[in-house]
Structure formats: structure tokens, C-alpha cells
Amino acid sequence: MVCDLHMHSVFSDGSVWPDIRIQEAKKDGLDVIATTEHIEYQPWKADIPNPDRNRSYEYHSNFAKGSNVMVINGSEITRDMPPGHANAIFINDANKLITKDPIDAYLEARKQDAFIFWNHPYWASQSPDASVPLSEMHKKLIDEGLIEGIEIVNDTTFSNEALQIALDYNLTILGTSDIHGIVDWQYRIPSGGHRPVTLVFCREKTKTSLKRALQKGQTVVWFKKKLIGKEDFLIPLVNSSLKVNSAKYFTNTTVAHVTISNSSDAPFTLRNQSKYDFYNLTDLVMIPAHGEVNIDVRTIEKLRKFELQFEILSALTAPNTHPVVNLIVRPKQ
Ligand SMILES: [Zn+2]
Ligand SMILES: [Zn+2]
């Protein structure tokens with residue numbers, strides 16, 4: 001499911017009424033959004049009193065009725081670092097997260113069986129060099145299951161360090177928009193942009209199945225047309241997107257004309273790591289989203305079957321680490 005699990009409306013410091021968030025989600029083809037208003041930060045409160053913190057969720061849910069957008073009730077626990085900001089989603093009563101001690105808010109969220117993740121841990125407003133200030137408090141929260149995921153992507157920003165922490169501590173990898181304004185403007189969607197989202201691999205399109213998949217870390221982040229995720233989920237996604245459509249040797253040559261198609265929304269940039277080089281391309285191969293590329297492979301001998309190996313430069317499985325995929329080619333005889 002395509003999910004954006006972090007956003008704001010006028011019910012905290014966002015600029016829009018909840019119906020706009022639902023219209024945006026529908027336009028972007030999202031399956032799931034989570035309402036995550038700041039618990040502690042309510043700048044419009046004098047003009048928009050907000051005594052019941054579940055109203056944002058209720059409004060979003062009502063506007064989503066009859067659509068394919070599933071709305072999850074959440075809240076952003078908004079504190080100084082440490083612990084910084086965290087989203088608790090799948091809660092049933094946001095009001096109970098209003099606590100003096102930040103840890104009590106995490107404990108209350110846990111009591112409500114929430115999925116809790118650390119937001120923008122590398123945010124320059126709380127960490128001027130944009131590093132992740134992983135503290136003993138965070139390690140304890142992770143240890144006690146009070147932090148289960150981490151944003152490695154928030155809005156237009158990304159952190160290698162957060163990705164490494166996700167891998168080291170087995171946290172779920174998340175990417176969110178944290179949108180406050182208008183999605184179309186922020187991500188230039190009319191000119192081909194997209195908001196960052198988390199792809200969650202679930203068995204069914206239900207809240208229970210989604211929560212389970214998040215707890216198990218079954219995610220890939222889609223950010224600036226790049227895919228970022230753990231190998232176990234990213235490599236199958238790439239493999240299911242790329243396919244050898246046809247292959248045939250040019251007459252009287254040992255150059256095979258191979259067509260590879262891409263059935264996904266992600267344009268891929270590949271670097272050739274095969275034994276062979278190409279007659280029509282350098283080692284860099286671009287395959288557009290829902291498009292294809294022709295590669296003329298110099299196999300030197302005529303082969304019944306050969307393997308192409310590519311490093312996927314537009315995908316990331318760890319800091320500065322790109323996954324490698326193999327494609328088997330069987331030229332038509
Ligand atoms: Zn925040
Ligand atoms: Zn936020």
C-alpha cells in the first residue's frame with residue numbers, strides 16, 4: 001500500500017482544512033494517510049480552538065468516506081531533543097497523549113497499541129549539522145519497543161545516518177511528506193514531481209494488516225524518484241519491475257538485441273556489471289517508468305542463454321550501497 005504517514009492541517013500548524021488533504025491523497029493515488037497533528041504545538045488555537053484532539057482524524061475520515069483512502073488516527077509527540085518528535089499512529093484517543101513527561105506520552109501510545117516512529121531525527125532545527133543525535137534515551141525507547149520505526153526521509157530531506165540506524169537497530173524504514181502547505185506546490189506535482197511516500201507490503205488492505213507489516217519492517221521508501229529500503233523488500237520490488245521482453249541476435253553477428261521493460265512508476269538508472277559490454281550504450285542504462293530500453297549486447301559468441309548484471313544506481317539498500325540484480329536472457333534462435 002502507498003502510504004503517507006505524516007501530515008498536518010489547520011488542527012495543528014498546517015495551512016489547509018482536512019478536505020484538501022483527502023483530495024490531495026486521492027489525486028496522488030495514495031492508499032493510506034495518517035493524521036499526525038502536533039500534540040504540543042497548536043499555533044492557531046486562539047482562532048481555531050481544538051479541545052478534542054481526535055477531531056482532525058474524524059474530519060479526515062469523514063471526507064475520505066466513499067474513496068479508497070484509508071485514514072489512520074495519529075499524533076505527533078512534539079518535544080525538544082531528546083527525544084525530539086515522534087509519530088504515534090493507530091491510536092484511539094489523541095487526547096490522552098497530552099502529558100507533562102514526554103515518556104508518558106510514549107507509554108500512553110503503547111497502551112493504545114500504537115506504532116511509534118522517530119520523526120526527522122536529523123532535523124537541522126534540532127541538530128544543526130543534520131546528524132542523528134542518538135542518545136541513551138533513544139536507545140532505551142528502542143529497547144522497550146517505544147520506537148519501532150524511523151524516518152530516513154522527511155519532506156525534501158534524507159539521512160544516510162538514519163538509514164544506518166534503521167539497519168543497526170532493526171527499525172522500520174519510513175519516508176513521509178510531513179506536509180504543512182499544498183502538496184502540488186511543495187513537490188511540483190504538475191511538472192512530474194511526487195511526494196515522498198512509504199510503500200508497505202501487506203497481505204490485505206486493512207488497518208490490522210498494515211500495522212503488522214509496519215511492525216515487521218516491510219517497507220520501501222519512494223523519494224525523489226529513488227527507492228530506498230532493506231534488501232529483502234527492495235530487491236523483489238526491482239525484480240518484479242524489470243523484465244527481459246525480447247532478445248534476438250542481429251543477422252550474421254554476435255550482437256544480441258535485448259529489450260528490457262520496466263512496469264513500475266520508478267525510472268531506473270542501471271550500471272552494467274555484466275561480463276559483456278554494449279554496442280549501443282555506455283555502461284549507464286536508463287529505463288523510464290512504464291517504458292523500455294534496447295540494449296545491444298556484445299556476447300562475442302552466439303549464446304543460447306546469458307546473464308546481464310546491473311547495479312541499480314537509483315535504489316539504495318544501505319548508505320551508499322546499491323542493490324545488484326541479474327537478468328537472464330535467452331535469445332530467440
Ligand atoms: Zn516534527
Ligand atoms: Zn510533523
# chains A, B, ... in the order shown; residues from 1 in each chain; ligands from 1
call {"tool": "residues_near_ligand", "arguments": {"ligand": "ligand 2", "cutoff": "9 Å", "atoms": "only C-alpha atoms and all ligand atoms", "output": "ChimeraX atom specification"}}
result
/A:6-8,13,36-38,75-76,78,85-87,119-120,154,177-180
call {"tool": "residues_around", "arguments": {"residues": "region 26-31 of chain A", "least_positions_apart": "5", "cutoff": "7 Å", "atoms": "only C-alpha atoms", "output": "list in words"}}
result
Met1, Val2, Cys3, Asn68, Val69 and Met70 of chain A
call {"tool": "write_last_selection", "arguments": {"atoms": "N, CA, C and O atoms", "output": "compact mmCIF listing (two decimals), in the first residue's frame"}}
result
# COMPACT_ATOMS: atom_id res chain seq x y z
N MET A 1 0.84 -1.19 0.00
CA MET A 1 0.00 0.00 0.00
C MET A 1 0.88 1.25 0.00
O MET A 1 1.94 1.27 0.63
N VAL A 2 0.42 2.26 -0.70
CA VAL A 2 1.16 3.52 -0.78
C VAL A 2 0.70 4.42 0.36
O VAL A 2 -0.48 4.78 0.43
N CYS A 3 1.62 4.77 1.25
CA CYS A 3 1.23 5.45 2.49
C CYS A 3 2.01 6.74 2.71
O CYS A 3 3.22 6.77 2.50
N ASN A 68 -11.02 5.52 -1.82
CA ASN A 68 -10.13 4.39 -1.50
C ASN A 68 -9.07 4.77 -0.48
O ASN A 68 -8.16 3.99 -0.22
N VAL A 69 -9.17 5.98 0.07
CA VAL A 69 -8.13 6.43 1.01
C VAL A 69 -8.49 5.99 2.43
O VAL A 69 -9.56 6.32 2.93
N MET A 70 -7.58 5.23 3.04
CA MET A 70 -7.77 4.79 4.42
C MET A 70 -7.10 5.83 5.32
O MET A 70 -5.99 6.27 5.02
call {"tool": "residues_around", "arguments": {"residues": "Ala162 (chain A)", "least_positions_apart": "4", "cutoff": "10 Å", "atoms": "only C-alpha atoms", "output": "PyMOL selection string"}}
result
chain A and resi 118+120-122+131-134+150-153+158+166-168+171+173+319
call {"tool": "write_last_selection", "arguments": {"atoms": "C-alpha atoms", "output": "JSON list (two decimals), in the first residue's frame"}}
result
[["chain", "number", "residue", "atom", "x", "y", "z"],
["A", 118, "TRP", "CA", 11.04, 8.74, 15.34],
["A", 120, "HIS", "CA", 13.14, 13.61, 11.16],
["A", 121, "PRO", "CA", 15.83, 12.53, 13.70],
["A", 122, "TYR", "CA", 18.40, 14.54, 11.73],
["A", 131, "SER", "CA", 23.45, 14.35, 12.20],
["A", 132, "VAL", "CA", 21.28, 12.00, 14.26],
["A", 133, "PRO", "CA", 21.73, 12.71, 18.00],
["A", 134, "LEU", "CA", 21.05, 9.13, 19.08],
["A", 150, "ILE", "CA", 12.48, 5.90, 11.91],
["A", 151, "GLU", "CA", 12.06, 8.49, 9.18],
["A", 152, "ILE", "CA", 15.03, 8.31, 6.84],
["A", 153, "VAL", "CA", 13.16, 10.69, 4.55],
["A", 158, "PHE", "CA", 17.20, 12.35, 3.54],
["A", 166, "ALA", "CA", 17.35, 1.68, 10.96],
["A", 167, "LEU", "CA", 19.58, -1.21, 9.84],
["A", 168, "ASP", "CA", 21.59, -1.40, 13.08],
["A", 171, "LEU", "CA", 13.77, -0.22, 12.88],
["A", 173, "ILE", "CA", 12.28, 2.49, 7.38],
["A", 319, "PRO", "CA", 24.22, 4.17, 2.92]]
call {"tool": "closest_residue", "arguments": {"among": "A:Leu107, A:Val10, A:Ala124, A:Ile235", "to": "ligand 1", "atoms": "only C-alpha atoms and all ligand atoms"}}
result
A:Ala124
call {"tool": "closest_residue", "arguments": {"among": "A:Ser246, A:Ile182, A:Pro128, A:Thr254", "to": "Glu292 (chain A)", "atoms": "only C-alpha atoms"}}
result
A:Ser246
call {"tool": "residues_around", "arguments": {"residues": "Tyr57 (chain A)", "least_positions_apart": "5", "cutoff": "8 Å", "atoms": "only C-alpha atoms", "output": "JSON, numbers by chain"}}
result
{"A": [35, 71, 72, 73, 74]}
call {"tool": "write_last_selection", "arguments": {"atoms": "all heavy atoms", "output": "compact mmCIF listing (two decimals), in the first residue's frame"}}
result
# COMPACT_ATOMS: atom_id res chain seq x y z
N THR A 35 -3.23 11.03 10.10
CA THR A 35 -3.32 12.40 10.58
C THR A 35 -2.40 12.50 11.80
O THR A 35 -2.53 11.71 12.74
CB THR A 35 -4.76 12.74 10.99
OG1 THR A 35 -5.20 11.81 11.98
CG2 THR A 35 -5.70 12.64 9.80
N VAL A 71 -7.78 6.24 6.38
CA VAL A 71 -7.22 7.26 7.28
C VAL A 71 -6.90 6.62 8.63
O VAL A 71 -7.73 5.90 9.20
CB VAL A 71 -8.20 8.44 7.46
CG1 VAL A 71 -7.59 9.51 8.35
CG2 VAL A 71 -8.59 9.04 6.11
N ILE A 72 -5.69 6.88 9.12
CA ILE A 72 -5.23 6.32 10.39
C ILE A 72 -5.13 7.46 11.40
O ILE A 72 -4.59 8.53 11.09
CB ILE A 72 -3.81 5.70 10.24
CG1 ILE A 72 -3.75 4.72 9.07
CG2 ILE A 72 -3.34 5.06 11.54
CD1 ILE A 72 -4.47 3.44 9.27
N ASN A 73 -5.63 7.22 12.61
CA ASN A 73 -5.54 8.24 13.66
C ASN A 73 -4.15 8.23 14.27
O ASN A 73 -3.65 7.19 14.70
CB ASN A 73 -6.59 7.94 14.75
CG ASN A 73 -6.79 9.12 15.70
OD1 ASN A 73 -6.19 10.18 15.52
ND2 ASN A 73 -7.64 8.93 16.69
N GLY A 74 -3.52 9.40 14.28
CA GLY A 74 -2.19 9.51 14.86
C GLY A 74 -1.98 10.86 15.49
O GLY A 74 -2.87 11.72 15.46
call {"tool": "select_by_dssp", "arguments": {"residues": "region 90-225 of chain A", "states": "helix (DSSP H, G or I)", "output": "ChimeraX atom specification"}}
result
/A:94-97,102-111,136-143,160-168,183-186,189-191,207-215
call {"tool": "residues_around", "arguments": {"residues": "Val325 (chain A)", "least_positions_apart": "2", "cutoff": "7 Å", "atoms": "only C-alpha atoms", "output": "ChimeraX atom specification"}}
result
/A:309-311,323,327
call {"tool": "write_last_selection", "arguments": {"atoms": "N, CA, C and O atoms", "output": "PDB file, in the first residue's frame"}}
result
ATOM      1  N   GLN A 309      24.086  -8.357 -15.577  1.00  0.00           N
ATOM      2  CA  GLN A 309      24.075  -7.963 -14.168  1.00  0.00           C
ATOM      3  C   GLN A 309      24.153  -6.443 -14.087  1.00  0.00           C
ATOM      4  O   GLN A 309      24.978  -5.820 -14.761  1.00  0.00           O
ATOM      5  N   PHE A 310      23.266  -5.876 -13.285  1.00  0.00           N
ATOM      6  CA  PHE A 310      23.229  -4.418 -13.153  1.00  0.00           C
ATOM      7  C   PHE A 310      23.226  -3.992 -11.694  1.00  0.00           C
ATOM      8  O   PHE A 310      22.550  -4.601 -10.864  1.00  0.00           O
ATOM      9  N   GLU A 311      23.950  -2.917 -11.439  1.00  0.00           N
ATOM     10  CA  GLU A 311      23.828  -2.238 -10.159  1.00  0.00           C
ATOM     11  C   GLU A 311      22.720  -1.197 -10.353  1.00  0.00           C
ATOM     12  O   GLU A 311      22.736  -0.452 -11.337  1.00  0.00           O
ATOM     13  N   PRO A 323      21.594  -1.922  -4.763  1.00  0.00           N
ATOM     14  CA  PRO A 323      21.357  -3.352  -4.970  1.00  0.00           C
ATOM     15  C   PRO A 323      21.819  -3.787  -6.364  1.00  0.00           C
ATOM     16  O   PRO A 323      21.921  -2.971  -7.277  1.00  0.00           O
ATOM     17  N   LEU A 327      19.634 -10.453 -14.733  1.00  0.00           N
ATOM     18  CA  LEU A 327      18.551 -10.766 -15.666  1.00  0.00           C
ATOM     19  C   LEU A 327      19.053 -11.846 -16.621  1.00  0.00           C
ATOM     20  O   LEU A 327      20.134 -11.706 -17.207  1.00  0.00           O
TER      21      LEU A 327
END
call {"tool": "residues_around", "arguments": {"residues": "region 185-193 of chain A", "least_positions_apart": "2", "cutoff": "9 Å", "atoms": "only C-alpha atoms", "output": "PyMOL selection string"}}
result
chain A and resi 28+155-156+179+181-183+195-196+224-225
call {"tool": "write_last_selection", "arguments": {"atoms": "C-alpha atoms", "output": "PDB file, in the first residue's frame"}}
result
ATOM      1  CA  ASP A  28      -1.760  11.187  -5.719  1.00  0.00           C
ATOM      2  CA  ASP A 155       9.700  16.129   3.135  1.00  0.00           C
ATOM      3  CA  THR A 156      12.655  17.050   0.878  1.00  0.00           C
ATOM      4  CA  ILE A 179       3.212  18.334   4.531  1.00  0.00           C
ATOM      5  CA  GLY A 181       1.175  23.527   2.890  1.00  0.00           C
ATOM      6  CA  ILE A 182      -0.060  22.315  -0.504  1.00  0.00           C
ATOM      7  CA  VAL A 183       1.336  19.022  -1.841  1.00  0.00           C
ATOM      8  CA  ARG A 195       5.645  13.467  -2.621  1.00  0.00           C
ATOM      9  CA  PRO A 196       7.793  11.069  -0.595  1.00  0.00           C
ATOM     10  CA  LYS A 224      12.780  11.925  -5.459  1.00  0.00           C
ATOM     11  CA  LYS A 225      12.241   9.015  -7.859  1.00  0.00           C
TER      12      LYS A 225
END
call {"tool": "closest_residue", "arguments": {"among": "A:Trp123, A:Phe90, A:Trp44, A:Tyr276", "to": "ligand 1", "atoms": "only C-alpha atoms and all ligand atoms"}}
result
A:Trp123
call {"tool": "residues_around", "arguments": {"residues": "Leu303 (chain A)", "least_positions_apart": "4", "cutoff": "9 Å", "atoms": "only C-alpha atoms", "output": "tab-separated table (two decimals) with N, CA and C atoms, in the first residue's frame"}}
result
chain	number	residue	atom	x	y	z
A	254	THR	N	27.37	-11.45	-33.52
A	254	THR	CA	27.23	-11.97	-32.16
A	254	THR	C	26.79	-10.83	-31.23
A	299	THR	N	28.13	-10.38	-27.10
A	299	THR	CA	28.44	-11.61	-26.34
A	299	THR	C	29.64	-12.35	-26.92
A	330	ARG	N	17.50	-15.15	-22.91
A	330	ARG	CA	17.51	-16.33	-23.80
A	330	ARG	C	17.16	-15.85	-25.21
A	331	PRO	N	18.18	-15.56	-26.03
A	331	PRO	CA	17.89	-15.03	-27.37
A	331	PRO	C	17.09	-16.03	-28.20
call {"tool": "atom_distance", "arguments": {"atom1": "CA of Lys205 (chain A)", "atom2": "CA of Ile147 (chain A)"}}
result
24.1 Å
call {"tool": "atom_distance", "arguments": {"atom1": "CA of Leu174 (chain A)", "atom2": "CA of Val220 (chain A)"}}
result
7.5 Å
call {"tool": "atom_distance", "arguments": {"atom1": "CA of Ser314 (chain A)", "atom2": "CA of Lys226 (chain A)"}}
result
5.1 Å
call {"tool": "decode", "arguments": {"residues": "region 26-171 of chain A", "atoms": "C-alpha atoms", "output": "compact mmCIF listing (two decimals), in the first residue's frame"}}
result
# COMPACT_ATOMS: atom_id res chain seq x y z
CA LYS A 26 -6.87 10.87 -3.97
CA LYS A 27 -5.07 12.78 -6.71
CA ASP A 28 -1.76 11.19 -5.72
CA GLY A 29 -3.28 7.70 -5.67
CA LEU A 30 -2.44 7.08 -2.02
CA ASP A 31 -3.97 4.13 -0.20
CA VAL A 32 -3.32 5.39 3.32
CA ILE A 33 -2.72 8.64 5.17
CA ALA A 34 -2.20 9.20 8.88
CA THR A 35 -3.32 12.40 10.58
CA THR A 36 -0.45 13.48 12.81
CA GLU A 37 -1.18 16.90 14.29
CA HIS A 38 1.30 18.22 16.84
CA ILE A 39 0.04 17.45 20.32
CA GLU A 40 2.03 20.24 21.97
CA TYR A 41 2.19 22.82 19.19
CA GLN A 42 -1.14 24.50 18.36
CA PRO A 43 -0.34 27.94 16.91
CA TRP A 44 -3.89 28.66 15.61
CA LYS A 45 -5.53 27.72 18.90
CA ALA A 46 -6.76 31.25 19.69
CA ASP A 47 -8.82 31.30 16.47
CA ILE A 48 -9.40 27.57 15.97
CA PRO A 49 -9.92 26.15 19.45
CA ASN A 50 -9.13 22.45 19.40
CA PRO A 51 -10.20 20.91 22.70
CA ASP A 52 -10.75 17.42 21.25
CA ARG A 53 -7.55 16.28 19.53
CA ASN A 54 -9.36 13.49 17.68
CA ARG A 55 -11.33 15.98 15.56
CA SER A 56 -8.64 16.18 12.88
CA TYR A 57 -8.85 12.42 12.39
CA GLU A 58 -12.66 12.50 12.42
CA TYR A 59 -12.79 15.24 9.78
CA HIS A 60 -10.26 13.49 7.55
CA SER A 61 -12.14 10.17 7.92
CA ASN A 62 -15.47 11.76 7.04
CA PHE A 63 -14.03 13.46 3.96
CA ALA A 64 -12.45 10.15 2.90
CA LYS A 65 -15.76 8.25 3.03
CA GLY A 66 -16.59 6.61 -0.28
CA SER A 67 -13.00 6.90 -1.51
CA ASN A 68 -10.13 4.39 -1.50
CA VAL A 69 -8.13 6.43 1.01
CA MET A 70 -7.77 4.79 4.42
CA VAL A 71 -7.22 7.26 7.28
CA ILE A 72 -5.23 6.32 10.39
CA ASN A 73 -5.54 8.24 13.66
CA GLY A 74 -2.19 9.51 14.86
CA SER A 75 -0.44 12.34 16.66
CA GLU A 76 2.98 13.92 16.61
CA ILE A 77 4.54 13.94 20.07
CA THR A 78 6.47 17.19 19.71
CA ARG A 79 9.29 17.62 22.24
CA ASP A 80 12.78 19.06 22.46
CA MET A 81 15.65 16.71 21.61
CA PRO A 82 15.90 14.21 23.20
CA PRO A 83 13.54 12.58 22.41
CA GLY A 84 12.58 15.10 19.66
CA HIS A 85 9.48 14.43 17.56
CA ALA A 86 7.73 11.09 17.14
CA ASN A 87 4.52 9.93 15.50
CA ALA A 88 2.22 7.53 17.27
CA ILE A 89 -0.23 6.09 14.75
CA PHE A 90 -3.17 3.66 15.11
CA ILE A 91 -4.07 5.39 18.39
CA ASN A 92 -7.69 5.57 19.53
CA ASP A 93 -7.58 8.69 21.70
CA ALA A 94 -5.16 11.52 20.92
CA ASN A 95 -6.29 13.50 24.00
CA LYS A 96 -4.60 11.03 26.33
CA LEU A 97 -1.21 11.80 24.75
CA ILE A 98 -1.25 15.25 26.35
CA THR A 99 1.21 14.56 29.18
CA LYS A 100 3.86 16.52 31.05
CA ASP A 101 6.65 13.98 30.74
CA PRO A 102 7.41 13.01 27.11
CA ILE A 103 7.98 9.38 28.05
CA ASP A 104 4.45 9.21 29.48
CA ALA A 105 3.12 10.12 26.02
CA TYR A 106 5.08 7.20 24.51
CA LEU A 107 3.79 4.88 27.24
CA GLU A 108 0.20 6.01 26.65
CA ALA A 109 0.64 5.44 22.91
CA ARG A 110 1.98 1.96 23.64
CA LYS A 111 -1.05 1.32 25.86
CA GLN A 112 -3.24 2.20 22.87
CA ASP A 113 -1.28 -0.31 20.79
CA ALA A 114 0.19 2.40 18.55
CA PHE A 115 3.02 2.04 16.05
CA ILE A 116 5.56 4.69 17.07
CA PHE A 117 8.32 6.12 14.90
CA TRP A 118 11.04 8.74 15.34
CA ASN A 119 10.42 11.74 13.07
CA HIS A 120 13.14 13.61 11.16
CA PRO A 121 15.83 12.53 13.70
CA TYR A 122 18.40 14.54 11.73
CA TRP A 123 16.31 17.74 11.54
CA ALA A 124 18.70 20.70 11.35
CA SER A 125 16.48 22.78 13.68
CA GLN A 126 17.21 20.30 16.46
CA SER A 127 20.60 19.07 15.22
CA PRO A 128 22.46 21.89 13.41
CA ASP A 129 24.84 19.62 11.46
CA ALA A 130 21.89 17.36 10.47
CA SER A 131 23.45 14.35 12.20
CA VAL A 132 21.28 12.00 14.26
CA PRO A 133 21.73 12.71 18.00
CA LEU A 134 21.05 9.13 19.08
CA SER A 135 21.01 9.31 22.89
CA GLU A 136 20.74 6.82 25.73
CA MET A 137 17.09 7.87 25.99
CA HIS A 138 16.51 6.85 22.36
CA LYS A 139 18.31 3.54 22.83
CA LYS A 140 16.10 2.83 25.83
CA LEU A 141 12.94 3.75 23.89
CA ILE A 142 14.05 1.45 21.05
CA ASP A 143 14.90 -1.29 23.53
CA GLU A 144 11.48 -1.09 25.14
CA GLY A 145 9.67 -1.10 21.81
CA LEU A 146 8.56 2.51 22.22
CA ILE A 147 10.32 3.47 18.98
CA GLU A 148 9.71 0.91 16.23
CA GLY A 149 10.45 2.93 13.13
CA ILE A 150 12.48 5.90 11.91
CA GLU A 151 12.06 8.49 9.18
CA ILE A 152 15.03 8.31 6.84
CA VAL A 153 13.16 10.69 4.55
CA ASN A 154 11.08 13.65 5.68
CA ASP A 155 9.70 16.13 3.13
CA THR A 156 12.66 17.05 0.88
CA THR A 157 15.36 15.68 3.19
CA PHE A 158 17.20 12.35 3.54
CA SER A 159 19.70 10.95 6.05
CA ASN A 160 22.26 8.19 5.48
CA GLU A 161 22.82 8.10 9.23
CA ALA A 162 19.13 7.49 9.94
CA LEU A 163 19.18 4.70 7.35
CA GLN A 164 22.18 3.10 9.08
CA ILE A 165 20.42 3.36 12.47
CA ALA A 166 17.35 1.68 10.96
CA LEU A 167 19.58 -1.21 9.84
CA ASP A 168 21.59 -1.40 13.08
CA TYR A 169 18.57 -1.34 15.40
CA ASN A 170 16.17 -3.16 13.08
CA LEU A 171 13.77 -0.22 12.88
